[in-house]
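Colleague: My structure file work.txt, compact mmCIF, C-alpha atoms and all ligand atoms, is below:
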# COMPACT_ATOMS: atom_id res chain seq x y z
CA MET A 1 -11.74 -28.95 -0.54
CA LYS A 2 -12.47 -25.35 -1.49
CA TYR A 3 -9.73 -23.25 -3.05
CA ILE A 4 -8.25 -20.39 -1.05
CA THR A 5 -7.57 -17.44 -3.33
CA PHE A 6 -4.78 -14.88 -2.88
CA ALA A 7 -4.82 -11.40 -4.46
CA LEU A 8 -1.32 -9.90 -4.54
CA ALA A 9 -0.60 -6.25 -5.30
CA LYS A 10 1.29 -5.88 -8.58
CA GLY A 11 4.45 -3.80 -8.67
CA ARG A 12 7.21 -3.33 -6.17
CA LEU A 13 5.61 -5.47 -3.42
CA ALA A 14 4.81 -8.50 -5.57
CA LYS A 15 8.21 -10.24 -5.74
CA LYS A 16 8.88 -9.83 -2.03
CA ALA A 17 5.38 -11.01 -1.12
CA MET A 18 5.81 -14.09 -3.32
CA SER A 19 9.15 -14.92 -1.77
CA MET A 20 7.68 -14.62 1.74
CA LEU A 21 4.84 -16.93 0.79
CA GLU A 22 7.40 -19.32 -0.66
CA GLU A 23 9.23 -19.39 2.67
CA THR A 24 6.03 -20.66 4.29
CA GLY A 25 5.76 -23.42 1.68
CA ILE A 26 3.10 -21.64 -0.36
CA THR A 27 4.46 -21.81 -3.87
CA CYS A 28 3.24 -21.04 -7.32
CA GLU A 29 6.06 -21.45 -9.82
CA GLU A 30 3.95 -20.31 -12.79
CA MET A 31 3.33 -16.89 -11.27
CA LYS A 32 7.04 -16.07 -11.30
CA ASP A 33 7.10 -16.11 -15.08
CA ASP A 34 7.00 -12.39 -15.93
CA SER A 35 6.36 -13.04 -19.62
CA SER A 36 3.10 -14.87 -18.94
CA ARG A 37 -0.18 -13.13 -19.83
CA LYS A 38 -2.14 -15.51 -17.67
CA LEU A 39 -4.21 -13.81 -14.97
CA ILE A 40 -4.83 -16.60 -12.50
CA PHE A 41 -2.52 -19.31 -11.23
CA VAL A 42 -3.43 -22.53 -9.47
CA ASN A 43 -1.56 -24.79 -7.06
CA GLU A 44 -3.69 -27.94 -7.32
CA GLU A 45 -1.82 -29.80 -4.62
CA LEU A 46 -2.41 -27.11 -1.97
CA LYS A 47 -5.81 -26.09 -3.38
CA LEU A 48 -4.69 -22.48 -3.70
CA LYS A 49 -5.28 -19.86 -6.39
CA PHE A 50 -3.32 -16.65 -6.94
CA PHE A 51 -3.75 -13.51 -8.97
CA LEU A 52 -1.94 -10.21 -9.29
CA ALA A 53 -4.07 -7.05 -9.33
CA LYS A 54 -3.55 -3.32 -9.28
CA ALA A 55 -2.75 -2.49 -5.65
CA THR A 56 -5.78 -0.23 -5.18
CA ASP A 57 -8.08 -3.04 -6.32
CA VAL A 58 -6.77 -5.67 -3.88
CA PRO A 59 -8.94 -4.50 -0.92
CA THR A 60 -11.98 -4.56 -3.23
CA TYR A 61 -11.40 -8.18 -4.28
CA VAL A 62 -10.94 -9.14 -0.64
CA GLU A 63 -13.99 -7.26 0.70
CA TYR A 64 -16.25 -8.93 -1.89
CA GLY A 65 -14.72 -12.36 -1.26
CA ALA A 66 -13.37 -12.77 -4.82
CA ALA A 67 -10.09 -13.26 -2.97
CA ASP A 68 -9.94 -14.71 0.54
CA ILE A 69 -6.54 -13.22 1.29
CA GLY A 70 -4.76 -10.11 0.01
CA ILE A 71 -1.25 -8.75 0.30
CA VAL A 72 -1.10 -4.98 -0.10
CA GLY A 73 0.47 -1.82 1.36
CA LYS A 74 -1.00 -0.21 4.46
CA ASP A 75 -1.36 3.04 2.46
CA THR A 76 -3.79 1.32 0.09
CA ILE A 77 -5.70 -0.25 2.99
CA LEU A 78 -6.12 3.15 4.67
CA GLU A 79 -7.04 4.89 1.44
CA GLU A 80 -9.59 2.33 0.27
CA GLY A 81 -11.27 1.92 3.69
CA ARG A 82 -12.74 -1.48 2.80
CA LYS A 83 -14.27 -3.90 5.29
CA LEU A 84 -11.65 -6.58 5.91
CA TYR A 85 -9.39 -7.97 8.61
CA GLU A 86 -5.77 -6.84 8.65
CA VAL A 87 -3.92 -9.76 10.21
CA VAL A 88 -0.15 -9.70 9.55
CA ASP A 89 2.42 -6.95 9.17
CA LEU A 90 4.84 -8.52 6.69
CA GLY A 91 7.52 -5.92 7.37
CA ILE A 92 8.31 -5.48 3.67
CA GLY A 93 7.85 -2.32 1.56
CA LYS A 94 8.60 -0.14 4.57
CA CYS A 95 8.13 3.57 3.98
CA ARG A 96 6.30 6.56 5.48
CA ILE A 97 3.46 8.73 4.30
CA CYS A 98 4.27 12.37 4.86
CA VAL A 99 3.28 15.94 4.22
CA ALA A 100 6.11 17.38 2.14
CA GLY A 101 6.89 20.58 0.31
CA PRO A 102 9.40 23.40 0.12
CA ALA A 103 10.76 24.59 3.49
CA SER A 104 8.77 27.79 3.00
CA ALA A 105 5.49 25.86 3.36
CA ARG A 106 6.29 24.99 6.98
CA GLU A 107 4.86 28.31 8.10
CA LEU A 108 1.62 27.82 6.13
CA LEU A 109 1.08 24.56 7.97
CA GLN A 110 1.85 26.08 11.35
CA HIS A 111 -0.59 28.93 10.81
CA HIS A 112 -3.32 26.61 9.51
CA GLU A 113 -3.57 28.56 6.25
CA LEU A 114 -6.01 27.41 3.56
CA ILE A 115 -3.48 25.52 1.43
CA ARG A 116 -3.73 23.17 -1.54
CA VAL A 117 -2.58 19.59 -0.98
CA ALA A 118 -1.78 17.40 -4.00
CA THR A 119 -1.87 13.66 -3.45
CA LYS A 120 -2.60 10.19 -4.73
CA TYR A 121 -4.21 9.58 -1.31
CA PRO A 122 -7.16 12.01 -0.89
CA ASN A 123 -8.79 10.02 1.93
CA ILE A 124 -5.60 9.76 3.98
CA ALA A 125 -4.94 13.47 3.41
CA LYS A 126 -8.51 14.40 4.36
CA ASP A 127 -8.41 12.33 7.52
CA TYR A 128 -5.07 13.86 8.52
CA PHE A 129 -5.91 17.50 7.88
CA TYR A 130 -9.59 17.46 8.88
CA ASN A 131 -9.70 14.99 11.77
CA LYS A 132 -6.22 15.13 13.24
CA LYS A 133 -5.08 18.70 12.54
CA HIS A 134 -8.43 20.47 12.21
CA GLN A 135 -7.06 22.42 9.25
CA THR A 136 -9.23 23.17 6.24
CA VAL A 137 -7.36 22.45 3.00
CA GLU A 138 -8.12 21.96 -0.66
CA ILE A 139 -7.23 18.44 -1.77
CA ILE A 140 -6.17 17.88 -5.37
CA LYS A 141 -6.04 14.27 -6.55
CA LEU A 142 -3.09 13.27 -8.74
CA ASN A 143 -2.04 9.87 -10.02
CA GLY A 144 1.76 9.99 -10.02
CA SER A 145 4.91 12.12 -9.86
CA ILE A 146 3.26 13.98 -6.99
CA GLU A 147 6.45 15.95 -6.24
CA LEU A 148 5.83 17.98 -9.38
CA ALA A 149 2.81 19.73 -7.86
CA PRO A 150 4.58 22.21 -5.53
CA ILE A 151 7.34 22.75 -8.10
CA VAL A 152 4.97 23.88 -10.83
CA GLY A 153 2.63 25.73 -8.46
CA LEU A 154 -0.32 23.34 -8.46
CA SER A 155 -0.22 23.04 -4.67
CA GLU A 156 1.66 24.31 -1.65
CA VAL A 157 2.31 20.84 -0.21
CA ILE A 158 1.88 17.17 -1.07
CA VAL A 159 0.92 14.05 0.85
CA ASP A 160 3.04 11.23 -0.49
CA ILE A 161 5.18 8.22 0.24
CA VAL A 162 8.75 8.79 1.35
CA GLU A 163 11.18 5.90 1.43
CA THR A 164 14.80 7.06 1.08
CA GLY A 165 13.88 10.73 0.71
CA SER A 166 15.91 11.05 -2.52
CA THR A 167 12.98 12.16 -4.68
CA LEU A 168 12.20 14.99 -2.26
CA ARG A 169 15.87 15.99 -1.88
CA GLU A 170 16.54 16.03 -5.61
CA ASN A 171 13.59 18.35 -6.10
CA GLY A 172 14.30 20.81 -3.30
CA LEU A 173 11.47 19.52 -1.13
CA GLU A 174 11.46 18.15 2.41
CA VAL A 175 9.35 16.24 4.89
CA LEU A 176 7.27 18.76 6.81
CA GLU A 177 5.10 16.40 8.86
CA GLU A 178 4.96 12.63 9.18
CA ILE A 179 1.51 11.04 8.96
CA CYS A 180 2.38 7.38 9.64
CA GLY A 181 4.67 4.46 8.91
CA LEU A 182 3.67 1.91 6.27
CA SER A 183 4.48 -1.65 5.23
CA ALA A 184 2.79 -4.50 3.39
CA ARG A 185 0.00 -6.31 5.22
CA MET A 186 -1.90 -9.55 4.84
CA VAL A 187 -5.64 -8.89 4.81
CA VAL A 188 -8.48 -11.41 4.98
CA ASN A 189 -12.12 -11.44 3.88
CA GLN A 190 -14.36 -11.33 6.95
CA VAL A 191 -16.50 -14.34 5.96
CA SER A 192 -13.54 -16.44 4.79
CA MET A 193 -11.91 -15.91 8.17
CA LYS A 194 -14.81 -17.72 9.83
CA MET A 195 -15.45 -20.34 7.14
CA GLU A 196 -11.79 -21.30 6.65
CA GLN A 197 -10.57 -20.53 10.14
CA GLU A 198 -8.16 -23.45 10.32
CA ARG A 199 -6.45 -23.14 6.93
CA ILE A 200 -6.28 -19.36 7.01
CA GLY A 201 -5.15 -19.47 10.65
CA ARG A 202 -2.22 -21.68 9.62
CA ILE A 203 -1.26 -19.25 6.84
CA ILE A 204 -1.39 -16.33 9.30
CA GLU A 205 0.84 -18.14 11.79
CA ALA A 206 3.33 -19.14 9.10
CA LEU A 207 3.56 -15.61 7.69
CA ARG A 208 3.93 -14.13 11.18
CA LEU A 209 6.84 -16.49 11.80
CA VAL A 210 8.54 -15.65 8.50
CA SER A 211 8.15 -11.90 9.04
CA ARG A 212 9.46 -12.14 12.61
CA ASN A 213 12.57 -13.99 11.44
CA ARG A 214 13.40 -11.59 8.63
N1 LIG A 301 9.36 4.27 -2.37
C1 LIG A 301 8.10 3.82 -2.46
N2 LIG A 301 7.25 4.47 -3.24
C2 LIG A 301 5.98 4.03 -3.40
N3 LIG A 301 5.48 2.97 -2.75
C3 LIG A 301 6.29 2.29 -1.94
C4 LIG A 301 7.64 2.68 -1.75
N4 LIG A 301 8.20 1.82 -0.91
C5 LIG A 301 7.26 0.94 -0.59
N5 LIG A 301 6.08 1.20 -1.20
C6 LIG A 301 4.86 0.40 -1.10
O1 LIG A 301 4.63 -0.13 -2.41
C7 LIG A 301 3.32 0.17 -2.87
C8 LIG A 301 3.35 0.76 -4.25
O2 LIG A 301 3.84 -0.13 -5.16
P1 LIG A 301 4.08 0.38 -6.64
O3 LIG A 301 5.01 1.54 -6.62
O4 LIG A 301 4.43 -0.79 -7.44
O5 LIG A 301 2.67 0.89 -7.05
P2 LIG A 301 2.38 2.28 -7.71
O6 LIG A 301 3.41 2.52 -8.77
O7 LIG A 301 2.24 3.31 -6.64
O8 LIG A 301 0.99 1.97 -8.30
P3 LIG A 301 0.34 2.72 -9.51
O9 LIG A 301 1.36 3.67 -10.05
O10 LIG A 301 -0.01 1.58 -10.40
O11 LIG A 301 -0.83 3.40 -8.88
C9 LIG A 301 2.76 1.25 -1.97
O12 LIG A 301 1.41 0.97 -1.77
C10 LIG A 301 3.60 1.18 -0.71
O13 LIG A 301 2.91 0.47 0.27
O1 LIG A 302 11.77 8.50 -0.89
P1 LIG A 302 12.05 7.82 -2.19
O2 LIG A 302 12.94 6.61 -2.01
O3 LIG A 302 12.58 8.76 -3.23
O4 LIG A 302 10.68 7.18 -2.73
C1 LIG A 302 9.50 7.91 -2.82
C2 LIG A 302 9.03 8.10 -4.20
O5 LIG A 302 8.68 6.86 -4.80
C3 LIG A 302 7.30 6.84 -5.14
O6 LIG A 302 7.08 7.16 -6.46
P2 LIG A 302 6.97 6.04 -7.61
O7 LIG A 302 8.34 5.61 -8.00
O8 LIG A 302 6.05 4.95 -7.18
O9 LIG A 302 6.36 6.90 -8.79
P3 LIG A 302 4.94 7.63 -8.88
O10 LIG A 302 4.95 8.77 -7.87
O11 LIG A 302 4.89 8.14 -10.26
O12 LIG A 302 3.88 6.60 -8.57
C4 LIG A 302 6.69 7.93 -4.26
O13 LIG A 302 5.48 8.44 -4.81
C5 LIG A 302 7.78 8.96 -4.22
O14 LIG A 302 7.75 9.77 -5.34
What would you get if you wrote out this structure as structure tokens?
Ligand SMILES: Nc1ncnc2c1ncn2[C@@H]1O[C@H](COP(=O)(O)OP(=O)(O)OP(=O)(O)O)[C@@H](O)[C@H]1O
Ligand SMILES: O=P(O)(O)OC[C@H]1O[C@H](OP(=O)(O)OP(=O)(O)O)[C@H](O)[C@@H]1O
Modeller:
Amino acid sequence: MKYITFALAKGRLAKKAMSMLEETGITCEEMKDDSSRKLIFVNEELKLKFFLAKATDVPTYVEYGAADIGIVGKDTILEEGRKLYEVVDLGIGKCRICVAGPASARELLQHHELIRVATKYPNIAKDYFYNKKHQTVEIIKLNGSIELAPIVGLSEVIVDIVETGSTLRENGLEVLEEICGLSARMVVNQVSMKMEQERIGRIIEALRLVSRNR
């Protein structure tokens, strides 16, 4: 029997994703050992392989078939725009992607001014401003601590993830517009879905059940 390979996004989604998989009977004890430097983990009995990868790389592994299944945030799926099937909303890692900034920027948005938008998500920002709002903006790609941008004058607004809203509040910023809600999703390689329909179908059903009962 062929192995089915899982690519899990490293970071804040990883532990929760692993515990959901565990609830469906998909276990990999070795992977829980944080001190391990090993990159790939095998469950011989179930003929499964697992690896953790940088979140933005998970859709790439899945599109190319290096992983059959991925677990990653909807933000990353939207941003990467890879060819894959999105099959289960796991309901974990819930947050929103928003346009945020100082209250004074509200007017600039309303009047469709040519503003600068700092973000880790240039494609999501482009799609939102160009296709949905028909507003021309300058997009500036950053890699972290996005909230700094309007504070230090790099941009008028940001497009970023908001969960509790504390980061915005503590920095005198607020949500100006909501782009969409996010959560972690199970994604599947398009060829694997056909070739391993039965085994992958069972995993989909099991994960749907676990996420429904959470
Ligand atoms: N408060 C939050 N902030 C950021 N991401 C969140 C939050 N809540 C849930 N998520 C989800 O978790 C994922 C990000 O995980 P994590 O923060 O570990 O990565 P990251 O630090 O953004 O990645 P990196 O810094 O390596 O680019 C997002 O893709 C999103 O779907
Ligand atoms: O609404 P909150 O609960 O405050 O959460 C949102 C914050 O968390 C994330 O940052 P992260 O901790 O991933 O750091 P980074 O921006 O440097 O990636 C996100 O980019 C926001 O800054």
Colleague: At what distance in Å, to one decimal, does CA of Leu8 in chain A lie from atom C10 of ligand LIG 301 (chain A)?
Modeller: 12.7 Å
Colleague: From the list A:Glu30, A:Val58, A:Glu138, A:Asp127, which residue is nearest ligand LIG 301 (chain A) when using only C-alpha atoms and all ligand atoms?
Modeller: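 Looking at the shortest contact to ligand LIG 301 (chain A), the residue is A:Val58.
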Colleague: How would you report the residues lying within 7 Å of ligand LIG 302 (chain A), as a PyMOL selection string, if you count all atoms listed in the file?
Modeller: chain A and resi 143-147+160-168
Colleague: Write out as a list in words which residues come within 10 Å of Met18 in chain A when counting all atoms listed in the file, dropping same-chain ones fewer than 6 positions away.
Modeller: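 Counting only the stated atoms, we get Leu8, Ile26, Thr27, Cys28, Glu29, Met31, Lys32 and Ile71 of chain A.
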Colleague: Which residue out of A:Ala14, A:Ile158, A:Ile97, A:Ala66 has the minimum interatomic distance to Ile115 in chain A when all atoms listed in the file are used?
Modeller: A:Ile158
Colleague: Grab me every residue within 8 Å of ligand LIG 301 (chain A), counting all atoms listed in the file, and send it over as a ChimeraX atom specification.
Modeller: /A:9-14,54-56,72-76,92-95,143-144,161-164,182-184
Colleague: To one decimal in Å, tell me the separation between CA of Ile139 in chain A and CA of Asp57 in chain A.
Modeller: 22.0 Å
Colleague: Which residue gives the smallest distance to Ile200 in chain A among A:Pro59, A:Gly91, A:Gly70, A:Gly181, with all atoms listed in the file counted?
Modeller: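 Smallest distance to Ile200 in chain A is found for A:Gly70.
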Colleague: Pick the closest to Val187 in chain A from A:Ala118, A:Leu21, A:Ile4, A:Ile204: which is it, counting all atoms listed in the file?
Modeller: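 Comparing A:Ala118, A:Leu21, A:Ile4, A:Ile204 against Val187 in chain A, the winner is A:Ile204.
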Colleague: Could I get range 61-155 of chain A from the block written as a PDB file, in the first residue's frame, with C-alpha atoms?
Modeller:
ATOM      1  CA  TYR A  61       3.920  20.706  -1.329  1.00  0.00           C
ATOM      2  CA  VAL A  62       0.285  19.742  -1.864  1.00  0.00           C
ATOM      3  CA  GLU A  63      -0.034  21.165  -5.395  1.00  0.00           C
ATOM      4  CA  TYR A  64       3.082  19.262  -6.533  1.00  0.00           C
ATOM      5  CA  GLY A  65       1.944  16.057  -4.816  1.00  0.00           C
ATOM      6  CA  ALA A  66       4.922  15.901  -2.421  1.00  0.00           C
ATOM      7  CA  ALA A  67       2.168  15.818   0.191  1.00  0.00           C
ATOM      8  CA  ASP A  68      -1.261  14.329  -0.526  1.00  0.00           C
ATOM      9  CA  ILE A  69      -2.958  16.250   2.263  1.00  0.00           C
ATOM     10  CA  GLY A  70      -2.204  19.598   3.906  1.00  0.00           C
ATOM     11  CA  ILE A  71      -3.510  21.411   6.951  1.00  0.00           C
ATOM     12  CA  VAL A  72      -3.091  25.169   6.709  1.00  0.00           C
ATOM     13  CA  GLY A  73      -4.881  28.483   7.339  1.00  0.00           C
ATOM     14  CA  LYS A  74      -7.368  29.823   4.800  1.00  0.00           C
ATOM     15  CA  ASP A  75      -5.281  33.027   4.626  1.00  0.00           C
ATOM     16  CA  THR A  76      -2.326  31.048   3.272  1.00  0.00           C
ATOM     17  CA  ILE A  77      -4.550  29.175   0.809  1.00  0.00           C
ATOM     18  CA  LEU A  78      -5.953  32.456  -0.543  1.00  0.00           C
ATOM     19  CA  GLU A  79      -2.567  34.127  -0.681  1.00  0.00           C
ATOM     20  CA  GLU A  80      -0.734  31.264  -2.393  1.00  0.00           C
ATOM     21  CA  GLY A  81      -3.501  30.566  -4.954  1.00  0.00           C
ATOM     22  CA  ARG A  82      -2.286  27.020  -5.624  1.00  0.00           C
ATOM     23  CA  LYS A  83      -4.260  24.368  -7.490  1.00  0.00           C
ATOM     24  CA  LEU A  84      -5.691  22.055  -4.839  1.00  0.00           C
ATOM     25  CA  TYR A  85      -8.973  20.925  -3.332  1.00  0.00           C
ATOM     26  CA  GLU A  86     -10.076  22.533  -0.077  1.00  0.00           C
ATOM     27  CA  VAL A  87     -12.179  19.854   1.596  1.00  0.00           C
ATOM     28  CA  VAL A  88     -12.682  20.432   5.344  1.00  0.00           C
ATOM     29  CA  ASP A  89     -13.025  23.512   7.523  1.00  0.00           C
ATOM     30  CA  LEU A  90     -11.423  22.329  10.762  1.00  0.00           C
ATOM     31  CA  GLY A  91     -12.823  25.251  12.740  1.00  0.00           C
ATOM     32  CA  ILE A  92      -9.513  25.866  14.536  1.00  0.00           C
ATOM     33  CA  GLY A  93      -7.297  28.970  14.312  1.00  0.00           C
ATOM     34  CA  LYS A  94     -10.342  31.177  13.822  1.00  0.00           C
ATOM     35  CA  CYS A  95      -9.567  34.798  13.062  1.00  0.00           C
ATOM     36  CA  ARG A  96     -10.377  37.489  10.481  1.00  0.00           C
ATOM     37  CA  ILE A  97      -8.352  39.276   7.862  1.00  0.00           C
ATOM     38  CA  CYS A  98      -9.051  42.985   7.977  1.00  0.00           C
ATOM     39  CA  VAL A  99      -8.065  46.397   6.755  1.00  0.00           C
ATOM     40  CA  ALA A 100      -6.899  48.245   9.856  1.00  0.00           C
ATOM     41  CA  GLY A 101      -5.328  51.554  10.719  1.00  0.00           C
ATOM     42  CA  PRO A 102      -5.832  54.689  12.764  1.00  0.00           C
ATOM     43  CA  ALA A 103      -9.430  55.987  12.884  1.00  0.00           C
ATOM     44  CA  SER A 104      -8.295  58.904  10.714  1.00  0.00           C
ATOM     45  CA  ALA A 105      -7.693  56.538   7.777  1.00  0.00           C
ATOM     46  CA  ARG A 106     -11.404  55.711   7.555  1.00  0.00           C
ATOM     47  CA  GLU A 107     -11.979  58.788   5.430  1.00  0.00           C
ATOM     48  CA  LEU A 108      -9.134  57.911   3.025  1.00  0.00           C
ATOM     49  CA  LEU A 109     -10.796  54.575   2.396  1.00  0.00           C
ATOM     50  CA  GLN A 110     -14.223  56.110   1.903  1.00  0.00           C
ATOM     51  CA  HIS A 111     -12.909  58.625  -0.616  1.00  0.00           C
ATOM     52  CA  HIS A 112     -10.904  55.980  -2.491  1.00  0.00           C
ATOM     53  CA  GLU A 113      -7.675  57.942  -2.014  1.00  0.00           C
ATOM     54  CA  LEU A 114      -4.402  56.527  -3.355  1.00  0.00           C
ATOM     55  CA  ILE A 115      -3.171  55.039  -0.072  1.00  0.00           C
ATOM     56  CA  ARG A 116      -0.316  52.740   0.897  1.00  0.00           C
ATOM     57  CA  VAL A 117      -1.271  49.331   2.293  1.00  0.00           C
ATOM     58  CA  ALA A 118       1.325  47.328   4.244  1.00  0.00           C
ATOM     59  CA  THR A 119       0.737  43.599   4.496  1.00  0.00           C
ATOM     60  CA  LYS A 120       2.105  40.085   4.652  1.00  0.00           C
ATOM     61  CA  TYR A 121      -0.690  39.201   2.190  1.00  0.00           C
ATOM     62  CA  PRO A 122      -0.151  41.205  -1.046  1.00  0.00           C
ATOM     63  CA  ASN A 123      -2.396  38.963  -3.164  1.00  0.00           C
ATOM     64  CA  ILE A 124      -5.315  39.093  -0.734  1.00  0.00           C
ATOM     65  CA  ALA A 125      -4.883  42.871  -0.436  1.00  0.00           C
ATOM     66  CA  LYS A 126      -4.699  43.289  -4.221  1.00  0.00           C
ATOM     67  CA  ASP A 127      -7.791  41.187  -4.789  1.00  0.00           C
ATOM     68  CA  TYR A 128      -9.706  43.132  -2.142  1.00  0.00           C
ATOM     69  CA  PHE A 129      -8.772  46.640  -3.238  1.00  0.00           C
ATOM     70  CA  TYR A 130      -8.622  46.090  -7.009  1.00  0.00           C
ATOM     71  CA  ASN A 131     -11.397  43.565  -7.648  1.00  0.00           C
ATOM     72  CA  LYS A 132     -13.843  44.147  -4.822  1.00  0.00           C
ATOM     73  CA  LYS A 133     -13.436  47.847  -4.010  1.00  0.00           C
ATOM     74  CA  HIS A 134     -12.078  49.164  -7.305  1.00  0.00           C
ATOM     75  CA  GLN A 135      -9.622  51.336  -5.385  1.00  0.00           C
ATOM     76  CA  THR A 136      -6.081  51.850  -6.638  1.00  0.00           C
ATOM     77  CA  VAL A 137      -3.575  51.444  -3.796  1.00  0.00           C
ATOM     78  CA  GLU A 138       0.135  50.928  -3.359  1.00  0.00           C
ATOM     79  CA  ILE A 139       0.846  47.584  -1.712  1.00  0.00           C
ATOM     80  CA  ILE A 140       3.951  47.242   0.449  1.00  0.00           C
ATOM     81  CA  LYS A 141       4.967  43.704   1.407  1.00  0.00           C
ATOM     82  CA  LEU A 142       6.145  43.158   4.986  1.00  0.00           C
ATOM     83  CA  ASN A 143       6.973  39.948   6.816  1.00  0.00           C
ATOM     84  CA  GLY A 144       5.840  40.582  10.387  1.00  0.00           C
ATOM     85  CA  SER A 145       4.791  43.114  13.033  1.00  0.00           C
ATOM     86  CA  ILE A 146       2.586  44.679  10.363  1.00  0.00           C
ATOM     87  CA  GLU A 147       0.953  47.037  12.884  1.00  0.00           C
ATOM     88  CA  LEU A 148       4.182  49.029  12.969  1.00  0.00           C
ATOM     89  CA  ALA A 149       3.670  50.329   9.429  1.00  0.00           C
ATOM     90  CA  PRO A 150       0.972  52.980  10.064  1.00  0.00           C
ATOM     91  CA  ILE A 151       2.608  53.937  13.373  1.00  0.00           C
ATOM     92  CA  VAL A 152       5.948  54.794  11.805  1.00  0.00           C
ATOM     93  CA  GLY A 153       4.430  56.258   8.632  1.00  0.00           C
ATOM     94  CA  LEU A 154       5.263  53.496   6.173  1.00  0.00           C
ATOM     95  CA  SER A 155       1.614  53.144   5.170  1.00  0.00           C
TER      96      SER A 155
END
